[in-house]
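Peer 1: Got target_30.pdb for you, PDB, C-alpha atoms:
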ATOM      1  CA  SER O   1     -46.835-104.129 126.862  1.00  0.00           C
ATOM      2  CA  SER O   2     -46.642-101.525 124.113  1.00  0.00           C
ATOM      3  CA  PHE O   3     -42.843-101.467 124.472  1.00  0.00           C
ATOM      4  CA  GLY O   4     -41.971-105.006 123.422  1.00  0.00           C
ATOM      5  CA  THR O   5     -43.365-107.663 121.140  1.00  0.00           C
ATOM      6  CA  GLU O   6     -42.319-111.000 119.586  1.00  0.00           C
ATOM      7  CA  PRO O   7     -40.537-112.294 122.717  1.00  0.00           C
ATOM      8  CA  ASP O   8     -38.282-115.361 122.566  1.00  0.00           C
ATOM      9  CA  TRP O   9     -36.815-117.114 125.639  1.00  0.00           C
ATOM     10  CA  SER O  10     -33.192-118.245 125.502  1.00  0.00           C
ATOM     11  CA  PRO O  11     -32.752-122.047 125.582  1.00  0.00           C
ATOM     12  CA  ASP O  12     -31.437-121.828 129.187  1.00  0.00           C
ATOM     13  CA  SER O  13     -34.442-119.627 130.177  1.00  0.00           C
ATOM     14  CA  ARG O  14     -32.133-116.952 131.619  1.00  0.00           C
ATOM     15  CA  ARG O  15     -32.707-114.241 128.994  1.00  0.00           C
ATOM     16  CA  LEU O  16     -35.449-112.955 126.776  1.00  0.00           C
ATOM     17  CA  LEU O  17     -35.202-111.254 123.385  1.00  0.00           C
ATOM     18  CA  PHE O  18     -37.906-108.920 122.123  1.00  0.00           C
ATOM     19  CA  ARG O  19     -38.339-106.138 119.608  1.00  0.00           C
ATOM     20  CA  THR O  20     -39.883-102.714 119.841  1.00  0.00           C
ATOM     21  CA  PRO O  21     -42.769-101.721 117.564  1.00  0.00           C
ATOM     22  CA  TYR O  22     -41.825-100.094 114.284  1.00  0.00           C
ATOM     23  CA  GLN O  23     -43.457 -97.565 112.015  1.00  0.00           C
ATOM     24  CA  GLN O  24     -43.001 -97.792 108.268  1.00  0.00           C
ATOM     25  CA  ARG O  25     -42.252 -94.412 106.683  1.00  0.00           C
ATOM     26  CA  GLU O  26     -44.495 -94.497 103.642  1.00  0.00           C
ATOM     27  CA  ILE O  27     -43.546 -91.292 101.864  1.00  0.00           C
ATOM     28  CA  GLN O  28     -39.740 -91.351 102.113  1.00  0.00           C
ATOM     29  CA  GLY O  29     -39.274 -95.089 102.737  1.00  0.00           C
ATOM     30  CA  GLY O  30     -37.499 -96.754 105.625  1.00  0.00           C
ATOM     31  CA  ALA O  31     -38.790 -97.339 109.143  1.00  0.00           C
ATOM     32  CA  SER O  32     -38.395 -96.086 112.675  1.00  0.00           C
ATOM     33  CA  GLY O  33     -38.295 -98.407 115.680  1.00  0.00           C
ATOM     34  CA  GLY O  34     -37.953-102.151 115.313  1.00  0.00           C
ATOM     35  CA  ASN O  35     -34.946-102.415 117.657  1.00  0.00           C
ATOM     36  CA  ILE O  36     -34.060-105.705 119.374  1.00  0.00           C
ATOM     37  CA  TYR O  37     -33.444-105.911 123.127  1.00  0.00           C
ATOM     38  CA  ALA O  38     -32.230-108.589 125.539  1.00  0.00           C
ATOM     39  CA  VAL O  39     -33.288-108.668 129.177  1.00  0.00           C
ATOM     40  CA  ARG O  40     -32.551-110.981 132.095  1.00  0.00           C
ATOM     41  CA  ALA O  41     -35.426-113.277 132.985  1.00  0.00           C
ATOM     42  CA  ASP O  42     -35.009-112.591 136.712  1.00  0.00           C
ATOM     43  CA  GLY O  43     -35.939-108.936 136.114  1.00  0.00           C
ATOM     44  CA  LYS O  44     -32.600-107.590 137.350  1.00  0.00           C
ATOM     45  CA  GLY O  45     -31.000-104.886 135.291  1.00  0.00           C
ATOM     46  CA  ARG O  46     -32.421-102.943 132.389  1.00  0.00           C
ATOM     47  CA  PRO O  47     -33.219-104.193 128.898  1.00  0.00           C
ATOM     48  CA  ARG O  48     -30.115-103.906 126.696  1.00  0.00           C
ATOM     49  CA  ARG O  49     -30.487-102.883 123.054  1.00  0.00           C
ATOM     50  CA  VAL O  50     -28.602-105.491 121.031  1.00  0.00           C
ATOM     51  CA  VAL O  51     -29.701-104.461 117.506  1.00  0.00           C
ATOM     52  CA  HIS O  52     -30.352-100.904 116.321  1.00  0.00           C
ATOM     53  CA  ARG O  53     -30.087 -99.841 112.708  1.00  0.00           C
ATOM     54  CA  GLU O  54     -31.312 -96.589 111.182  1.00  0.00           C
ATOM     55  CA  ASP O  55     -34.248 -96.741 108.744  1.00  0.00           C
ATOM     56  CA  ILE O  56     -34.577-100.556 109.074  1.00  0.00           C
ATOM     57  CA  ALA O  57     -37.127-102.582 111.045  1.00  0.00           C
ATOM     58  CA  ASP O  58     -35.605-105.679 112.673  1.00  0.00           C
ATOM     59  CA  VAL O  59     -38.241-108.257 113.619  1.00  0.00           C
ATOM     60  CA  GLN O  60     -38.721-111.812 114.909  1.00  0.00           C
ATOM     61  CA  PRO O  61     -35.648-112.148 117.139  1.00  0.00           C
ATOM     62  CA  THR O  62     -35.063-115.875 117.635  1.00  0.00           C
ATOM     63  CA  TRP O  63     -32.422-117.567 119.815  1.00  0.00           C
ATOM     64  CA  ALA O  64     -30.206-120.205 118.242  1.00  0.00           C
ATOM     65  CA  PRO O  65     -30.705-123.660 119.815  1.00  0.00           C
ATOM     66  CA  ALA O  66     -27.382-123.433 121.708  1.00  0.00           C
ATOM     67  CA  GLY O  67     -28.260-119.951 123.024  1.00  0.00           C
ATOM     68  CA  ARG O  68     -24.950-118.343 122.036  1.00  0.00           C
ATOM     69  CA  SER O  69     -26.401-116.288 119.181  1.00  0.00           C
ATOM     70  CA  PHE O  70     -29.716-115.176 117.742  1.00  0.00           C
ATOM     71  CA  ALA O  71     -31.169-114.419 114.327  1.00  0.00           C
ATOM     72  CA  TRP O  72     -33.806-112.021 113.045  1.00  0.00           C
ATOM     73  CA  ILE O  73     -35.429-110.730 109.893  1.00  0.00           C
ATOM     74  CA  SER O  74     -34.450-107.283 108.679  1.00  0.00           C
ATOM     75  CA  LEU O  75     -37.015-105.278 106.694  1.00  0.00           C
ATOM     76  CA  GLN O  76     -36.014-102.430 104.399  1.00  0.00           C
ATOM     77  CA  PHE O  77     -38.966-100.472 103.041  1.00  0.00           C
ATOM     78  CA  GLY O  78     -39.026 -98.466  99.833  1.00  0.00           C
ATOM     79  CA  ALA O  79     -41.093 -95.296  99.431  1.00  0.00           C
ATOM     80  CA  GLY O  80     -44.806 -95.441  98.645  1.00  0.00           C
ATOM     81  CA  ASP O  81     -48.139 -95.457 100.433  1.00  0.00           C
ATOM     82  CA  VAL O  82     -50.000 -98.438  98.911  1.00  0.00           C
ATOM     83  CA  SER O  83     -47.306 -99.566  96.487  1.00  0.00           C
ATOM     84  CA  PHE O  84     -43.869 -99.939  98.067  1.00  0.00           C
ATOM     85  CA  SER O  85     -41.057-102.447  98.070  1.00  0.00           C
ATOM     86  CA  VAL O  86     -40.005-104.613 101.013  1.00  0.00           C
ATOM     87  CA  ARG O  87     -36.497-106.093 101.024  1.00  0.00           C
ATOM     88  CA  PRO O  88     -36.231-108.761 103.765  1.00  0.00           C
ATOM     89  CA  SER O  89     -33.016-110.478 104.816  1.00  0.00           C
ATOM     90  CA  VAL O  90     -31.948-112.829 107.617  1.00  0.00           C
ATOM     91  CA  TRP O  91     -29.222-111.733 110.045  1.00  0.00           C
ATOM     92  CA  ARG O  92     -27.349-113.433 112.893  1.00  0.00           C
ATOM     93  CA  LYS O  93     -25.383-112.095 115.859  1.00  0.00           C
ATOM     94  CA  ARG O  94     -23.822-113.137 119.141  1.00  0.00           C
ATOM     95  CA  ILE O  95     -24.747-110.955 122.123  1.00  0.00           C
ATOM     96  CA  GLY O  96     -21.973-108.348 122.162  1.00  0.00           C
ATOM     97  CA  GLY O  97     -20.771-109.481 118.722  1.00  0.00           C
ATOM     98  CA  LYS O  98     -21.069-108.132 115.230  1.00  0.00           C
ATOM     99  CA  ALA O  99     -24.193-108.652 113.098  1.00  0.00           C
ATOM    100  CA  ARG O 100     -23.824-110.421 109.779  1.00  0.00           C
ATOM    101  CA  ARG O 101     -26.278-111.015 106.993  1.00  0.00           C
ATOM    102  CA  ILE O 102     -26.964-114.698 106.375  1.00  0.00           C
ATOM    103  CA  ARG O 103     -29.292-114.483 103.404  1.00  0.00           C
ATOM    104  CA  THR O 104     -31.360-112.091 101.342  1.00  0.00           C
ATOM    105  CA  LEU O 105     -34.956-113.281 101.009  1.00  0.00           C
ATOM    106  CA  GLY O 106     -37.338-112.891  98.088  1.00  0.00           C
ATOM    107  CA  ARG O 107     -39.373-109.728  98.014  1.00  0.00           C
ATOM    108  CA  PRO O 108     -42.976-110.205  99.093  1.00  0.00           C
ATOM    109  CA  TYR O 109     -45.778-109.075  96.832  1.00  0.00           C
ATOM    110  CA  VAL O 110     -47.392-105.836  98.037  1.00  0.00           C
ATOM    111  CA  GLU O 111     -50.998-105.123  97.063  1.00  0.00           C
ATOM    112  CA  GLU O 112     -52.920-102.077  98.295  1.00  0.00           C
ATOM    113  CA  GLY O 113     -50.424-101.656 101.139  1.00  0.00           C
ATOM    114  CA  PHE O 114     -50.794-105.243 102.405  1.00  0.00           C
ATOM    115  CA  TRP O 115     -48.045-107.864 102.354  1.00  0.00           C
ATOM    116  CA  ASN O 116     -46.983-110.981 104.263  1.00  0.00           C
ATOM    117  CA  GLN O 117     -43.965-110.754 106.547  1.00  0.00           C
ATOM    118  CA  PRO O 118     -41.667-113.797 106.258  1.00  0.00           C
ATOM    119  CA  ASP O 119     -41.441-116.107 109.295  1.00  0.00           C
ATOM    120  CA  LEU O 120     -38.213-117.215 110.974  1.00  0.00           C
ATOM    121  CA  ALA O 121     -37.580-120.525 112.754  1.00  0.00           C
ATOM    122  CA  TRP O 122     -34.457-122.592 113.426  1.00  0.00           C
ATOM    123  CA  GLN O 123     -34.348-125.965 111.702  1.00  0.00           C
ATOM    124  CA  PRO O 124     -32.065-128.897 112.517  1.00  0.00           C
ATOM    125  CA  LEU O 125     -29.191-129.518 110.104  1.00  0.00           C
ATOM    126  CA  ARG O 126     -29.610-132.656 108.055  1.00  0.00           C
TER     127      ARG O 126
END
Just dump the structure as structure tokens.
Peer 2:
Amino acid sequence: SSFGTEPDWSPDSRRLLFRTPYQQREIQGGASGGNIYAVRADGKGRPRRVVHREDIADVQPTWAPAGRSFAWISLQFGAGDVSFSVRPSVWRKRIGGKARRIRTLGRPYVEEGFWNQPDLAWQPLR
């Protein structure tokens, strides 16, 4: 579907997280789209937007192992067409709760408009 991408099933298989496509605004910086939604796996009800922030693309929604919260990567874009800055950070939220930033990530190198988006995965505590 063109509406949702990067789906992630909840650990109990009852819900699905996904994000909408985003468009980087090259001239003024920022982004449009990149909202995160949750939907019931049984298809009942409508998708519920659980993360929406102006001028920021939120990507890679990933359920926590216990299924009570989820994390994602937030991308803030600076202005520029082939030379721009990307400021990624990791966020976490409970469904219906407040989002909080966990960590700011290093800025990826941008060359001729290309860059590598960081990946997000839960790791066991040691």
Peer 1: Pick out the residues sitting within 6 Å of segment 88-100 of chain O, and hand them over as a list in words; count only C-alpha atoms, and ignore anything fewer than 3 positions along from it in its own chain.
Peer 2: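 Final neighbour list, sorted by chain and number: Ser69, Phe70, Ala71, Trp72, Ile73, Ser74, Leu75, Arg103, Thr104 and Leu105 of chain O.
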Peer 1: Using only C-alpha atoms, can you tell me which of O:Asp8, O:Asp42, O:Val82, O:Arg49 comes closest to Gln24 of chain O?
Peer 2: O:Val82
Peer 1: Rounded to one decimal place, report the atom CA of Trp115 of chain O-atom CA of Phe3 of chain O distance in Å.
Peer 2: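 Taking atom CA of Trp115 of chain O as the start and atom CA of Phe3 of chain O as the end point, the length is 23.6 Å.
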Peer 1: Find the distance between atom CA of Trp122 of chain O and atom CA of Trp63 of chain O and write it in Å to one decimal.
Peer 2: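 A separation of 8.4 Å between them.
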Peer 1: Measuring atom to atom with all atoms listed in the file, identify which of O:Gly80, O:Gly67, O:Gly106, O:Pro7 is nearest to Tyr37 of chain O.
Peer 2: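 So, comparing all the options, the nearest one is O:Pro7.
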Peer 1: If you count all atoms listed in the file, which residues fall within 12 Å of Arg40 of chain O, apart from same-chain ones fewer than 2 positions away, as an MDAnalysis selection string?
Peer 2: chainID O and resid 8:10 12:18 37:38 42:48
Peer 1: Measuring between only C-alpha atoms, which one of O:Val50, O:Val59, O:Ala66, O:Ala41 shows the shortest distance to Glu6 of chain O?
Peer 2: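 Among the listed residues, the smallest separation from Glu6 of chain O belongs to O:Val59.
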Peer 1: Calculate, to one decimal in Å, the centre and edge lengths of the box along x, y and z of the file that holds all listed atoms of segment 35-54 of chain O with 8 Å of margin on each side, and present them as JSON.
Peer 2:
{"center_x": -32.3, "center_y": -104.9, "center_z": 124.3, "size_x": 23.3, "size_y": 32.7, "size_z": 42.2}
